[in-house]
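A.B. asks: Pasting run24.txt here (compact mmCIF, C-alpha atoms and all ligand atoms):
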# COMPACT_ATOMS: atom_id res chain seq x y z
CA MET A 1 165.04 -37.97 37.06
CA GLU A 2 162.93 -36.44 34.34
CA CYS A 3 159.51 -35.04 35.19
CA ASN A 4 157.67 -37.51 32.94
CA VAL A 5 159.39 -40.43 34.65
CA ALA A 6 158.52 -38.90 37.99
CA ILE A 7 154.86 -38.69 37.04
CA ILE A 8 154.68 -42.37 36.21
CA GLY A 9 156.49 -43.04 39.46
CA MET A 10 153.87 -41.11 41.41
CA HIS A 11 151.12 -43.36 40.14
CA ASP A 12 153.11 -46.49 40.75
CA TYR A 13 153.77 -45.24 44.22
CA LEU A 14 150.08 -44.69 44.85
CA ASP A 15 149.42 -48.18 43.52
CA GLY A 16 151.84 -49.48 46.13
CA ASP A 17 153.91 -50.69 43.28
CA LEU A 18 157.08 -48.64 43.30
CA PRO A 19 160.30 -50.36 44.32
CA ARG A 20 161.98 -48.80 47.30
CA GLU A 21 164.97 -47.51 45.45
CA GLU A 22 162.83 -45.76 42.87
CA ALA A 23 160.65 -44.34 45.63
CA GLN A 24 163.75 -42.72 47.03
CA GLN A 25 164.66 -41.28 43.65
CA LEU A 26 161.14 -39.98 43.33
CA GLN A 27 161.36 -38.36 46.71
CA ALA A 28 164.58 -36.66 45.74
CA HIS A 29 163.00 -35.35 42.57
CA LEU A 30 159.95 -34.06 44.40
CA ARG A 31 162.14 -32.16 46.79
CA SER A 32 163.82 -30.36 43.94
CA CYS A 33 160.86 -29.89 41.59
CA PRO A 34 157.97 -27.76 42.85
CA SER A 35 155.64 -28.50 39.96
CA CYS A 36 155.97 -32.27 40.42
CA MET A 37 155.55 -31.81 44.13
CA ALA A 38 152.33 -29.91 43.58
CA ARG A 39 151.08 -32.56 41.22
CA PHE A 40 151.96 -35.32 43.63
CA GLU A 41 150.10 -33.61 46.44
CA GLN A 42 147.04 -33.27 44.25
CA LEU A 43 147.22 -36.92 43.30
CA GLU A 44 147.55 -37.95 46.91
CA ARG A 45 144.52 -35.95 47.85
CA THR A 46 142.56 -37.29 44.91
CA GLU A 47 143.42 -40.78 46.05
CA ALA A 48 142.34 -40.04 49.60
CA LEU A 49 139.10 -38.46 48.46
CA LEU A 50 138.38 -41.38 46.18
CA TYR A 51 138.78 -43.92 48.93
CA ASN A 52 136.85 -41.80 51.29
CA ALA A 53 134.00 -41.06 48.93
CA LEU A 54 133.65 -44.54 47.54
CA GLU A 55 134.59 -46.82 50.36
CA HIS A 56 132.80 -44.83 52.98
CA ALA A 57 129.98 -43.84 50.73
CA PRO A 58 126.75 -43.41 52.64
CA ALA A 59 124.31 -46.24 52.42
CA ILE A 60 122.14 -46.16 49.36
CA PRO A 61 118.93 -44.61 50.69
CA ALA A 62 116.48 -47.11 49.33
CA TYR A 63 118.66 -50.12 49.99
CA ASP A 64 118.46 -51.03 53.65
CA GLN A 65 118.43 -54.35 55.41
CA ALA A 66 114.86 -55.03 54.43
CA ALA A 67 115.59 -54.30 50.79
CA SER A 68 118.63 -56.55 50.95
CA ALA A 69 116.56 -59.37 52.43
CA LYS A 70 113.93 -58.88 49.76
CA LEU A 71 116.53 -59.11 47.03
CA THR A 72 117.90 -62.29 48.56
CA GLU A 73 114.43 -63.73 48.51
CA ARG A 74 113.98 -62.72 44.91
CA ILE A 75 117.27 -64.33 43.95
CA MET A 76 116.56 -67.55 45.78
CA SER A 77 113.00 -67.85 44.54
CA GLN A 78 114.00 -67.49 40.92
CA LEU A 79 116.52 -70.27 40.97
CA PRO A 80 115.58 -73.36 39.03
CA LYS A 81 113.62 -75.60 41.33
CA GLU A 82 114.86 -79.05 40.38
CA LYS A 83 117.74 -78.89 42.76
CA ILE A 84 116.38 -79.77 46.14
CA THR A 85 117.88 -79.07 49.49
CA ARG A 86 119.19 -82.30 50.81
CA GLN A 87 120.86 -81.48 53.96
CA ASN A 88 120.59 -79.19 56.83
CA ARG A 89 124.06 -77.86 57.22
CA ARG A 90 125.23 -76.17 60.29
CA GLY A 91 128.43 -75.51 62.08
CA ALA A 92 131.57 -75.17 60.13
CA LEU A 93 130.02 -73.63 57.09
CA ARG A 94 128.56 -70.79 58.98
CA TYR A 95 131.77 -68.88 59.32
CA LEU A 96 130.29 -65.69 58.25
CA TYR A 97 126.96 -64.80 59.48
CA LYS A 98 125.06 -61.68 58.84
CA TYR A 99 123.12 -60.43 61.77
CA PRO A 100 119.44 -59.90 61.45
CA GLY A 101 118.49 -56.57 62.90
CA LEU A 102 117.68 -57.61 66.41
CA ALA A 103 119.94 -60.56 66.99
CA VAL A 104 122.35 -60.17 69.83
CA ALA A 105 123.99 -63.55 69.85
CA ALA A 106 127.73 -63.46 69.79
CA LEU A 107 129.54 -64.66 66.77
CA PHE A 108 132.72 -66.58 67.16
CA VAL A 109 134.64 -66.14 64.06
CA VAL A 110 136.84 -68.96 63.07
CA VAL A 111 138.50 -67.68 60.00
CA MET A 112 140.96 -70.03 58.44
CA LEU A 113 140.77 -68.44 55.07
CA GLY A 114 140.96 -64.83 54.03
CA SER A 115 142.25 -62.16 56.24
CA PHE A 116 139.34 -59.89 55.97
CA ILE A 117 135.90 -59.88 57.39
CA SER A 118 133.35 -57.34 56.56
CA MET A 119 129.72 -57.15 57.21
CA TRP A 120 126.96 -54.72 56.70
CA GLN A 121 125.54 -53.37 59.81
CA GLN A 122 122.86 -50.79 59.31
CA ASP A 123 124.49 -47.83 57.64
CA SER A 124 128.15 -48.36 58.00
CA LYS A 125 130.24 -51.32 57.34
CA LEU A 126 132.17 -53.00 60.09
CA VAL A 127 135.48 -54.01 58.65
CA ILE A 128 138.04 -56.07 60.46
CA SER A 129 141.35 -56.86 58.96
CA GLY A 130 144.43 -58.49 60.26
CA GLU A 131 146.50 -61.59 59.97
CA GLY A 132 144.52 -64.82 59.84
CA GLU A 133 145.84 -65.87 63.21
CA VAL A 134 144.45 -62.75 64.82
CA LEU A 135 141.10 -63.07 63.13
CA GLN A 136 140.75 -66.61 64.38
CA GLN A 137 140.72 -65.36 67.91
CA VAL A 138 138.52 -62.29 67.83
CA VAL A 139 134.95 -62.34 68.99
CA ILE A 140 132.50 -60.15 67.17
CA GLU A 141 129.38 -59.02 68.88
CA GLY A 142 127.36 -56.47 66.97
CA LYS A 143 129.85 -53.72 66.31
CA LYS A 144 132.17 -54.78 69.07
CA VAL A 145 135.33 -56.70 68.33
CA THR A 146 136.85 -58.34 71.37
CA ILE A 147 140.18 -59.97 72.00
CA PRO A 148 139.09 -62.12 74.93
CA GLU A 149 140.90 -62.17 78.22
CA GLY A 150 143.71 -64.68 78.43
CA VAL A 151 144.08 -64.82 74.68
CA HIS A 152 147.44 -64.00 73.16
CA VAL A 153 147.57 -63.07 69.50
CA LYS A 154 150.48 -62.25 67.30
CA GLY A 155 149.86 -59.76 64.49
CA ASN A 156 148.15 -56.50 63.67
CA LEU A 157 144.48 -55.78 63.92
CA ILE A 158 142.51 -53.05 62.20
CA VAL A 159 138.91 -52.32 63.04
CA GLU A 160 136.88 -49.91 60.98
CA ASN A 161 133.51 -48.51 62.01
CA GLY A 162 133.44 -50.51 65.18
CA GLU A 163 134.60 -50.77 68.73
CA ALA A 164 137.72 -52.69 69.67
CA ASP A 165 137.84 -54.16 73.15
CA VAL A 166 141.23 -55.54 74.02
CA ARG A 167 141.10 -57.81 77.05
CA GLY A 168 143.84 -60.15 76.00
CA GLU A 169 147.33 -59.60 74.70
CA VAL A 170 148.09 -58.37 71.21
CA GLU A 171 151.62 -58.71 69.99
CA GLY A 172 151.29 -56.09 67.28
CA ASN A 173 149.49 -52.87 66.42
CA VAL A 174 145.84 -52.16 66.97
CA THR A 175 144.24 -49.48 64.83
CA VAL A 176 140.67 -48.30 65.00
CA ILE A 177 139.25 -46.18 62.22
CA ASP A 178 136.06 -44.31 62.96
CA GLY A 179 135.39 -46.12 66.17
CA SER A 180 136.70 -46.56 69.67
CA LEU A 181 139.45 -48.54 71.30
CA ASN A 182 139.12 -49.87 74.79
CA LEU A 183 142.08 -51.43 76.53
CA ALA A 184 140.96 -53.42 79.55
CA SER A 185 143.12 -53.77 82.64
CA THR A 186 143.84 -57.33 81.57
CA GLY A 187 144.67 -56.24 78.04
CA TYR A 188 148.06 -55.46 76.59
CA ILE A 189 149.17 -54.17 73.21
CA THR A 190 152.86 -54.49 72.47
CA GLY A 191 152.81 -52.36 69.32
CA GLN A 192 151.15 -49.07 68.58
CA GLN A 193 147.56 -48.32 69.33
CA ARG A 194 145.86 -45.70 67.25
CA THR A 195 142.40 -44.30 66.82
CA ILE A 196 141.81 -42.55 63.56
CA ASP A 197 138.78 -40.45 62.91
CA GLN A 198 139.26 -38.03 60.14
CA ALA A 199 139.57 -38.73 56.52
CA LEU A 200 142.94 -37.11 56.32
CA ASP A 201 144.34 -39.00 59.28
CA TRP A 202 143.03 -42.13 57.80
CA PHE A 203 144.65 -41.33 54.54
CA TRP A 204 148.03 -40.87 56.11
CA PHE A 205 147.58 -44.18 57.74
CA LYS A 206 147.02 -45.73 54.33
CA VAL A 207 150.10 -44.04 52.96
CA THR A 208 152.23 -45.13 55.85
CA GLN A 209 150.89 -48.61 55.38
CA SER A 210 151.96 -48.71 51.78
CA PHE A 211 155.30 -47.28 52.76
CA SER A 212 155.88 -50.08 55.21
CA GLY A 213 154.63 -52.39 52.48
CA LEU A 214 157.46 -51.07 50.36
CA ALA A 215 159.98 -51.60 53.06
CA SER A 216 159.12 -55.18 53.76
CA MET B 1 141.88 -68.47 50.48
CA ASN B 2 139.15 -69.85 48.37
CA LEU B 3 138.24 -72.90 50.39
CA LEU B 4 134.94 -71.73 51.78
CA GLU B 5 133.51 -70.48 48.53
CA ALA B 6 134.79 -73.43 46.53
CA ARG B 7 133.22 -75.75 49.02
CA LEU B 8 129.95 -73.88 49.00
CA ALA B 9 129.97 -73.94 45.22
CA ARG B 10 130.48 -77.70 45.23
CA LEU B 11 127.64 -78.22 47.69
CA ALA B 12 125.38 -75.93 45.72
CA LEU B 13 126.14 -77.90 42.61
CA LYS B 14 124.96 -81.02 44.40
CA GLY B 15 121.70 -79.26 45.07
CA ASP B 16 122.29 -77.81 48.49
CA GLN B 17 120.24 -74.66 48.37
CA ARG B 18 121.47 -73.47 51.73
CA ALA B 19 125.01 -73.52 50.46
CA PHE B 20 123.95 -71.38 47.56
CA ALA B 21 122.16 -69.06 49.95
CA GLU B 22 125.48 -68.69 51.80
CA LEU B 23 127.13 -67.58 48.60
CA VAL B 24 124.35 -65.10 48.02
CA GLU B 25 124.79 -63.81 51.53
CA LEU B 26 128.53 -63.42 51.05
CA TYR B 27 128.32 -61.51 47.80
CA GLN B 28 124.91 -59.98 47.31
CA ASP B 29 125.48 -56.67 49.05
CA LYS B 30 129.00 -56.23 47.71
CA LEU B 31 127.76 -56.79 44.18
CA PHE B 32 124.77 -54.55 44.67
CA HIS B 33 126.95 -51.80 45.99
CA MET B 34 129.24 -51.97 43.02
CA ALA B 35 126.45 -52.30 40.47
CA TYR B 36 124.65 -49.37 41.98
CA ARG B 37 127.73 -47.18 41.81
CA MET B 38 128.27 -48.28 38.23
CA LEU B 39 124.72 -47.82 37.03
CA ASN B 40 123.30 -45.22 39.39
CA ASN B 41 120.01 -46.95 39.30
CA ARG B 42 118.69 -49.14 42.01
CA GLN B 43 116.38 -51.27 39.92
CA GLU B 44 119.04 -51.99 37.34
CA ALA B 45 121.55 -52.76 40.06
CA GLU B 46 119.19 -55.27 41.62
CA ASP B 47 118.54 -56.84 38.26
CA VAL B 48 122.26 -57.18 37.64
CA VAL B 49 122.77 -58.84 41.02
CA GLN B 50 119.93 -61.24 40.41
CA GLU B 51 121.12 -62.06 36.92
CA THR B 52 124.63 -62.62 38.25
CA PHE B 53 123.46 -65.22 40.74
CA LEU B 54 121.28 -66.91 38.16
CA ARG B 55 124.29 -67.23 35.89
CA VAL B 56 126.45 -68.46 38.71
CA HIS B 57 123.84 -71.05 39.57
CA LYS B 58 123.47 -72.17 36.00
CA ASN B 59 127.20 -72.42 35.45
CA LEU B 60 128.27 -73.97 38.72
CA GLU B 61 129.42 -77.13 37.03
CA ARG B 62 131.65 -75.09 34.81
CA TYR B 63 133.21 -73.18 37.67
CA ASP B 64 136.92 -73.69 37.52
CA GLU B 65 138.31 -73.86 41.01
CA SER B 66 141.69 -72.59 39.96
CA LEU B 67 139.98 -69.23 39.59
CA LYS B 68 139.04 -67.49 42.80
CA PHE B 69 135.32 -67.57 43.30
CA SER B 70 135.28 -63.82 43.90
CA THR B 71 137.09 -63.25 40.61
CA TRP B 72 134.55 -65.34 38.81
CA ILE B 73 131.50 -63.66 40.30
CA TYR B 74 132.91 -60.14 39.86
CA ARG B 75 133.67 -60.96 36.28
CA ILE B 76 130.08 -61.95 35.63
CA ALA B 77 128.70 -58.91 37.44
CA THR B 78 131.01 -56.35 35.86
CA ASN B 79 130.31 -57.72 32.41
CA LEU B 80 126.60 -57.34 33.01
CA CYS B 81 127.12 -53.76 34.20
CA ILE B 82 129.28 -52.88 31.22
CA ASP B 83 126.68 -54.37 28.88
CA ARG B 84 124.03 -52.17 30.39
CA LEU B 85 126.16 -49.06 30.23
CA ARG B 86 126.92 -49.75 26.60
CA LYS B 87 123.30 -50.29 25.74
CA ARG B 88 122.43 -46.92 27.16
CA LYS B 89 124.68 -45.24 24.67
CA PRO B 90 124.90 -47.42 21.63
CA THR B 91 126.91 -44.89 19.67
CA TYR B 92 129.34 -44.38 22.45
CA SER B 93 132.79 -45.37 21.41
CA LEU B 94 136.17 -44.49 22.57
CA ASP B 95 139.56 -45.82 22.70
CA ALA B 96 141.55 -43.58 24.92
CA GLU B 97 144.41 -46.06 24.99
CA SER B 98 145.87 -44.50 21.90
CA ASN B 99 144.82 -40.92 22.15
CA ASP B 100 145.84 -39.23 25.34
CA HIS B 101 142.83 -38.31 27.43
CA GLU B 102 140.38 -37.92 24.67
CA GLY B 103 137.20 -39.80 25.32
CA LEU B 104 137.67 -40.11 29.01
CA ASP B 105 135.14 -37.45 29.52
CA GLY B 106 132.57 -35.86 27.33
CA TYR B 107 129.63 -38.07 27.46
CA SER B 108 126.62 -36.81 29.21
CA MET B 109 125.84 -38.11 32.60
CA ILE B 110 123.00 -40.51 32.71
CA PRO B 111 120.27 -39.07 34.85
CA SER B 112 119.84 -41.19 37.90
CA ASP B 113 116.58 -42.07 39.49
CA ASN B 114 117.89 -41.98 42.98
CA ARG B 115 119.32 -38.54 43.22
CA THR B 116 116.46 -37.20 45.23
CA PRO B 117 117.18 -34.04 47.18
CA GLU B 118 117.23 -36.06 50.38
CA SER B 119 119.78 -38.56 49.22
CA GLU B 120 121.79 -35.71 47.83
CA MET B 121 121.95 -34.12 51.22
CA LEU B 122 123.60 -37.15 52.69
CA LEU B 123 126.61 -36.55 50.54
CA SER B 124 129.07 -33.87 51.37
CA GLU B 125 129.83 -31.35 48.66
CA THR B 126 133.19 -32.92 47.99
CA GLN B 127 131.75 -36.39 47.82
CA ARG B 128 129.12 -35.19 45.41
CA ILE B 129 131.79 -33.72 43.15
CA ILE B 130 133.74 -36.95 43.25
CA HIS B 131 130.72 -39.07 42.46
CA GLU B 132 129.86 -36.79 39.58
CA ALA B 133 133.39 -36.94 38.27
CA ILE B 134 133.38 -40.72 38.47
CA ASP B 135 130.04 -40.88 36.74
CA SER B 136 131.48 -38.93 33.87
CA LEU B 137 134.15 -41.56 33.26
CA ALA B 138 133.70 -43.85 30.31
CA PRO B 139 132.56 -47.37 31.28
CA LYS B 140 135.91 -49.04 30.87
CA TYR B 141 137.57 -46.58 33.20
CA LYS B 142 134.69 -46.52 35.59
CA THR B 143 134.77 -50.29 35.97
CA VAL B 144 138.43 -50.30 36.83
CA MET B 145 138.05 -47.46 39.32
CA MET B 146 135.11 -49.18 41.01
CA LEU B 147 136.95 -52.45 41.40
CA ARG B 148 139.95 -50.58 42.68
CA TYR B 149 138.34 -48.20 45.12
CA ILE B 150 135.13 -49.88 46.20
CA GLN B 151 136.15 -53.50 46.18
CA GLU B 152 139.77 -52.63 46.87
CA LEU B 153 141.04 -55.24 44.49
CA SER B 154 144.70 -55.27 43.57
CA LEU B 155 145.75 -54.47 40.04
CA GLN B 156 146.41 -58.16 39.50
CA GLU B 157 142.96 -59.10 40.76
CA ILE B 158 141.31 -56.53 38.52
CA SER B 159 143.26 -57.93 35.62
CA ASP B 160 141.92 -61.39 36.50
CA VAL B 161 138.35 -60.15 36.80
CA LEU B 162 138.40 -58.29 33.52
CA ASP B 163 140.64 -60.81 31.86
CA MET B 164 142.99 -58.13 30.59
CA PRO B 165 146.72 -57.63 30.97
CA VAL B 166 147.75 -55.97 34.19
CA THR B 167 149.56 -53.27 32.22
CA THR B 168 146.25 -52.22 30.68
CA ILE B 169 144.64 -52.04 34.10
CA LYS B 170 147.51 -49.99 35.38
CA THR B 171 147.20 -47.51 32.53
CA ARG B 172 143.50 -47.16 33.19
CA VAL B 173 143.93 -46.59 36.89
CA HIS B 174 146.61 -43.98 36.18
CA ARG B 175 144.54 -42.18 33.57
CA GLY B 176 141.40 -42.39 35.64
CA ARG B 177 143.18 -41.00 38.66
CA ASP B 178 144.79 -38.22 36.69
CA PHE B 179 141.47 -37.35 35.08
CA LEU B 180 139.85 -37.08 38.49
CA ARG B 181 142.77 -35.04 39.76
CA LYS B 182 142.15 -32.51 37.01
CA LYS B 183 138.43 -32.49 37.68
CA LEU B 184 139.03 -31.87 41.34
CA GLU B 185 141.99 -29.57 40.89
CA HIS B 186 140.24 -26.41 41.97
CA LYS B 187 138.89 -28.22 44.99
CA LEU B 188 142.20 -29.53 46.23
ZN ZN C 1 159.48 -32.61 38.03
Output the file's structure in the form of structure tokens.
C.D. replies:
Amino acid sequence: MECNVAIIGMHDYLDGDLPREEAQQLQAHLRSCPSCMARFEQLERTEALLYNALEHAPAIPAYDQAASAKLTERIMSQLPKEKITRQNRRGALRYLYKYPGLAVAALFVVVMLGSFISMWQQDSKLVISGEGEVLQQVVIEGKKVTIPEGVHVKGNLIVENGEADVRGEVEGNVTVIDGSLNLASTGYITGQQRTIDQALDWFWFKVTQSFSGLAS
Amino acid sequence: MNLLEARLARLALKGDQRAFAELVELYQDKLFHMAYRMLNNRQEAEDVVQETFLRVHKNLERYDESLKFSTWIYRIATNLCIDRLRKRKPTYSLDAESNDHEGLDGYSMIPSDNRTPESEMLLSETQRIIHEAIDSLAPKYKTVMMLRYIQELSLQEISDVLDMPVTTIKTRVHRGRDFLRKKLEHKL
């Protein structure tokens, strides 16, 4: 493999877009070419830093919950007025519910769409991802994500900036990034359980994830 | 995937303000976050978010449900951000597609109103360098990088949002990443 081909391959790899066979060829080239290897390592770190700096960027100082609520008000109040509220909808539509600061009520998430829930909670963002089936069964309470006792879910669960409390059975991996994982005596995880704290750890997790993405 | 939003959009079109409020709740903070990172100015970011929702509201009847709602709303918001970035530098022009890395860099950073010493302190040195490097990207690269790394959209989704071929998006991600690599080289 030529170096210029390898360089394109590196980017495709980081995009999660490199076919397995070519990934192997790239690996072989990297092993034999120190300058490409150095470049690849730099690119990997750039990628990790980018995710880390942007995705986990600190909250914008002047934009807190109050500012967010104020903006919502501004948006809603400037809408044309001729459309009038006709119904008082509840229930099914309220899948996703953003907590007001002091609310403690539990939220039962029934997610039939999407495989990703994220909400803003003070400074950091609680992010839960996993297969739809798993997300249908989790209970979110503040920053705590619970797999209730007696519940059996099939699939992987990833919790970021929160606390995972496994009381039921998870047939898959549970990963917690910047948070804690509690496995109750009633709980059981058939796959791996991991707690990741540092940016670098987290990055390797991402890489491994895209590797397994390649393999599947 | 799109059921909830499509349904909310339909209800909002019929005049259900609460449904529209749900859409605002779903997207407001995400859009603000992105607009703020694009524009580095809180007031402008808020204006962009507000304008986005006004446009969404006005054009609900034209919303084509074959397009993901998120794609549609990001498209509106990113276009508004790009417009504002362009207006800041009317003479700014570049087409780095044809000419290696020329034009990627080399336009002065727009001073931001929010970089107070306190907010600065919240960022680690490395993060600060990254943010500065990103701010020095030309708008068309910056947009792609934001959608990629903040919103974590796939290349295909970015191509849908910006209505550009996926190969173009790919090139921009690659160039943007390589540009940042060089900027950060001594730090890595
Ligand atoms: Zn090489």
A.B. asks: Write out as a PDB file with C-alpha atoms, keeping the file's coordinate frame every residue belonging to chain B that has an atom at most 6 Å from any atom of chain A, counting only C-alpha atoms.
C.D. replies:
ATOM      1  CA  MET B   1     141.880 -68.470  50.480  1.00  0.00           C
ATOM      2  CA  GLY B  15     121.700 -79.260  45.070  1.00  0.00           C
ATOM      3  CA  ASP B  16     122.290 -77.810  48.490  1.00  0.00           C
ATOM      4  CA  GLN B  17     120.240 -74.660  48.370  1.00  0.00           C
ATOM      5  CA  GLN B  50     119.930 -61.240  40.410  1.00  0.00           C
ATOM      6  CA  GLN B 127     131.750 -36.390  47.820  1.00  0.00           C
ATOM      7  CA  TYR B 149     138.340 -48.200  45.120  1.00  0.00           C
ATOM      8  CA  ILE B 150     135.130 -49.880  46.200  1.00  0.00           C
ATOM      9  CA  ARG B 181     142.770 -35.040  39.760  1.00  0.00           C
TER      10      ARG B 181
END
A.B. asks: Have a look at atom CA of B:Phe32 and atom CA of A:Glu131 and let me know their distance in Å, one decimal.
C.D. replies: 27.5 Å
A.B. asks: Can you tell me which residues sit at most 12 Å away from ligand ZN 1 (chain C), counting all atoms listed in the file, written as JSON, numbers by chain?
C.D. replies: {"A": [1, 2, 3, 4, 5, 6, 7, 8, 9, 10, 25, 26, 27, 28, 29, 30, 31, 32, 33, 34, 35, 36, 37, 38, 39, 40]}
A.B. asks: Take the residues from that selection and put them in a file with C-alpha atoms, as an mmCIF file, in the coordinates of the input.
C.D. replies:
data_model
loop_
_atom_site.group_PDB
_atom_site.id
_atom_site.type_symbol
_atom_site.label_atom_id
_atom_site.label_comp_id
_atom_site.auth_asym_id
_atom_site.auth_seq_id
_atom_site.Cartn_x
_atom_site.Cartn_y
_atom_site.Cartn_z
ATOM 1 C CA MET A 1 165.040 -37.970 37.060
ATOM 2 C CA GLU A 2 162.930 -36.440 34.340
ATOM 3 C CA CYS A 3 159.510 -35.040 35.190
ATOM 4 C CA ASN A 4 157.670 -37.510 32.940
ATOM 5 C CA VAL A 5 159.390 -40.430 34.650
ATOM 6 C CA ALA A 6 158.520 -38.900 37.990
ATOM 7 C CA ILE A 7 154.860 -38.690 37.040
ATOM 8 C CA ILE A 8 154.680 -42.370 36.210
ATOM 9 C CA GLY A 9 156.490 -43.040 39.460
ATOM 10 C CA MET A 10 153.870 -41.110 41.410
ATOM 11 C CA GLN A 25 164.660 -41.280 43.650
ATOM 12 C CA LEU A 26 161.140 -39.980 43.330
ATOM 13 C CA GLN A 27 161.360 -38.360 46.710
ATOM 14 C CA ALA A 28 164.580 -36.660 45.740
ATOM 15 C CA HIS A 29 163.000 -35.350 42.570
ATOM 16 C CA LEU A 30 159.950 -34.060 44.400
ATOM 17 C CA ARG A 31 162.140 -32.160 46.790
ATOM 18 C CA SER A 32 163.820 -30.360 43.940
ATOM 19 C CA CYS A 33 160.860 -29.890 41.590
ATOM 20 C CA PRO A 34 157.970 -27.760 42.850
ATOM 21 C CA SER A 35 155.640 -28.500 39.960
ATOM 22 C CA CYS A 36 155.970 -32.270 40.420
ATOM 23 C CA MET A 37 155.550 -31.810 44.130
ATOM 24 C CA ALA A 38 152.330 -29.910 43.580
ATOM 25 C CA ARG A 39 151.080 -32.560 41.220
ATOM 26 C CA PHE A 40 151.960 -35.320 43.630
#
A.B. asks: Mind pulling up the distance from atom CA of B:Val49 to atom CA of B:Leu180?
C.D. replies: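 Atom CA of B:Val49 lies 27.8 Å from atom CA of B:Leu180.
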A.B. asks: Please give the centre and size of the box around stretch 51-67 of chain B (axis-aligned, containing every atom listed in the file, 4 Å added per side), with values in Å to one decimal and written as AutoDock Vina command-line options.
C.D. replies:
--center_x 131.4 --center_y -69.6 --center_z 37.9 --size_x 28.6 --size_y 23.1 --size_z 14.2
A.B. asks: Do you have the atom CA of B:Tyr36-atom CA of B:Phe20 distance handy?
C.D. replies: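 Spanning atom CA of B:Tyr36 to atom CA of B:Phe20 is a straight-line distance of 22.7 Å.
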A.B. asks: So, with all atoms listed in the file as the atoms that count, which of B:Arg175, B:Leu31, B:Arg18, B:Arg10 lies closest to B:Asp47?
C.D. replies: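 Of B:Arg175, B:Leu31, B:Arg18, B:Arg10, the one nearest B:Asp47, counting all atoms listed in the file, is B:Leu31.
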A.B. asks: Residues within 7 Å of stretch 161-175 of chain A, please, as a count of residues only. Count only C-alpha atoms; anything in the same chain fewer than 2 positions from it doesn't count.
C.D. replies: 39
A.B. asks: Could you name the residues that touch stretch 141-148 of chain B at 8 Å or less, counting only C-alpha atoms, but leaving out those on the same chain fewer than 4 positions away, as a VMD selection string?
C.D. replies: chain B and resid 34 37 to 38 78 82 104 134 to 135 137 152 to 155 158 169 172 to 173 176
A.B. asks: Find the residue from B:Thr71, B:Ser136, B:Gln151, B:Ser159 that sits nearest to B:Phe179; use only C-alpha atoms when measuring.
C.D. replies: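 Using only C-alpha atoms, B:Phe179 sits closest to B:Ser136.
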A.B. asks: Find the residues with any atom within 10 Å of (135.8, -62.9, 44.6); use only C-alpha atoms and the coordinates as given in the file, and write the answer as a list in words.
C.D. replies: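 Every residue inside that radius is included here: Asn2, Glu5, Leu26, Tyr27, Leu67, Lys68, Phe69, Ser70, Thr71, Trp72, Ile73, Tyr74, Arg75, Gln151, Leu153, Glu157 and Val161 of chain B.
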A.B. asks: From the options B:Leu13, B:Leu3, B:Ile76, B:Cys81, which residue's atoms come nearest to B:Glu44, counting all atoms listed in the file?
C.D. replies: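 Of B:Leu13, B:Leu3, B:Ile76, B:Cys81, the one nearest B:Glu44, counting all atoms listed in the file, is B:Cys81.
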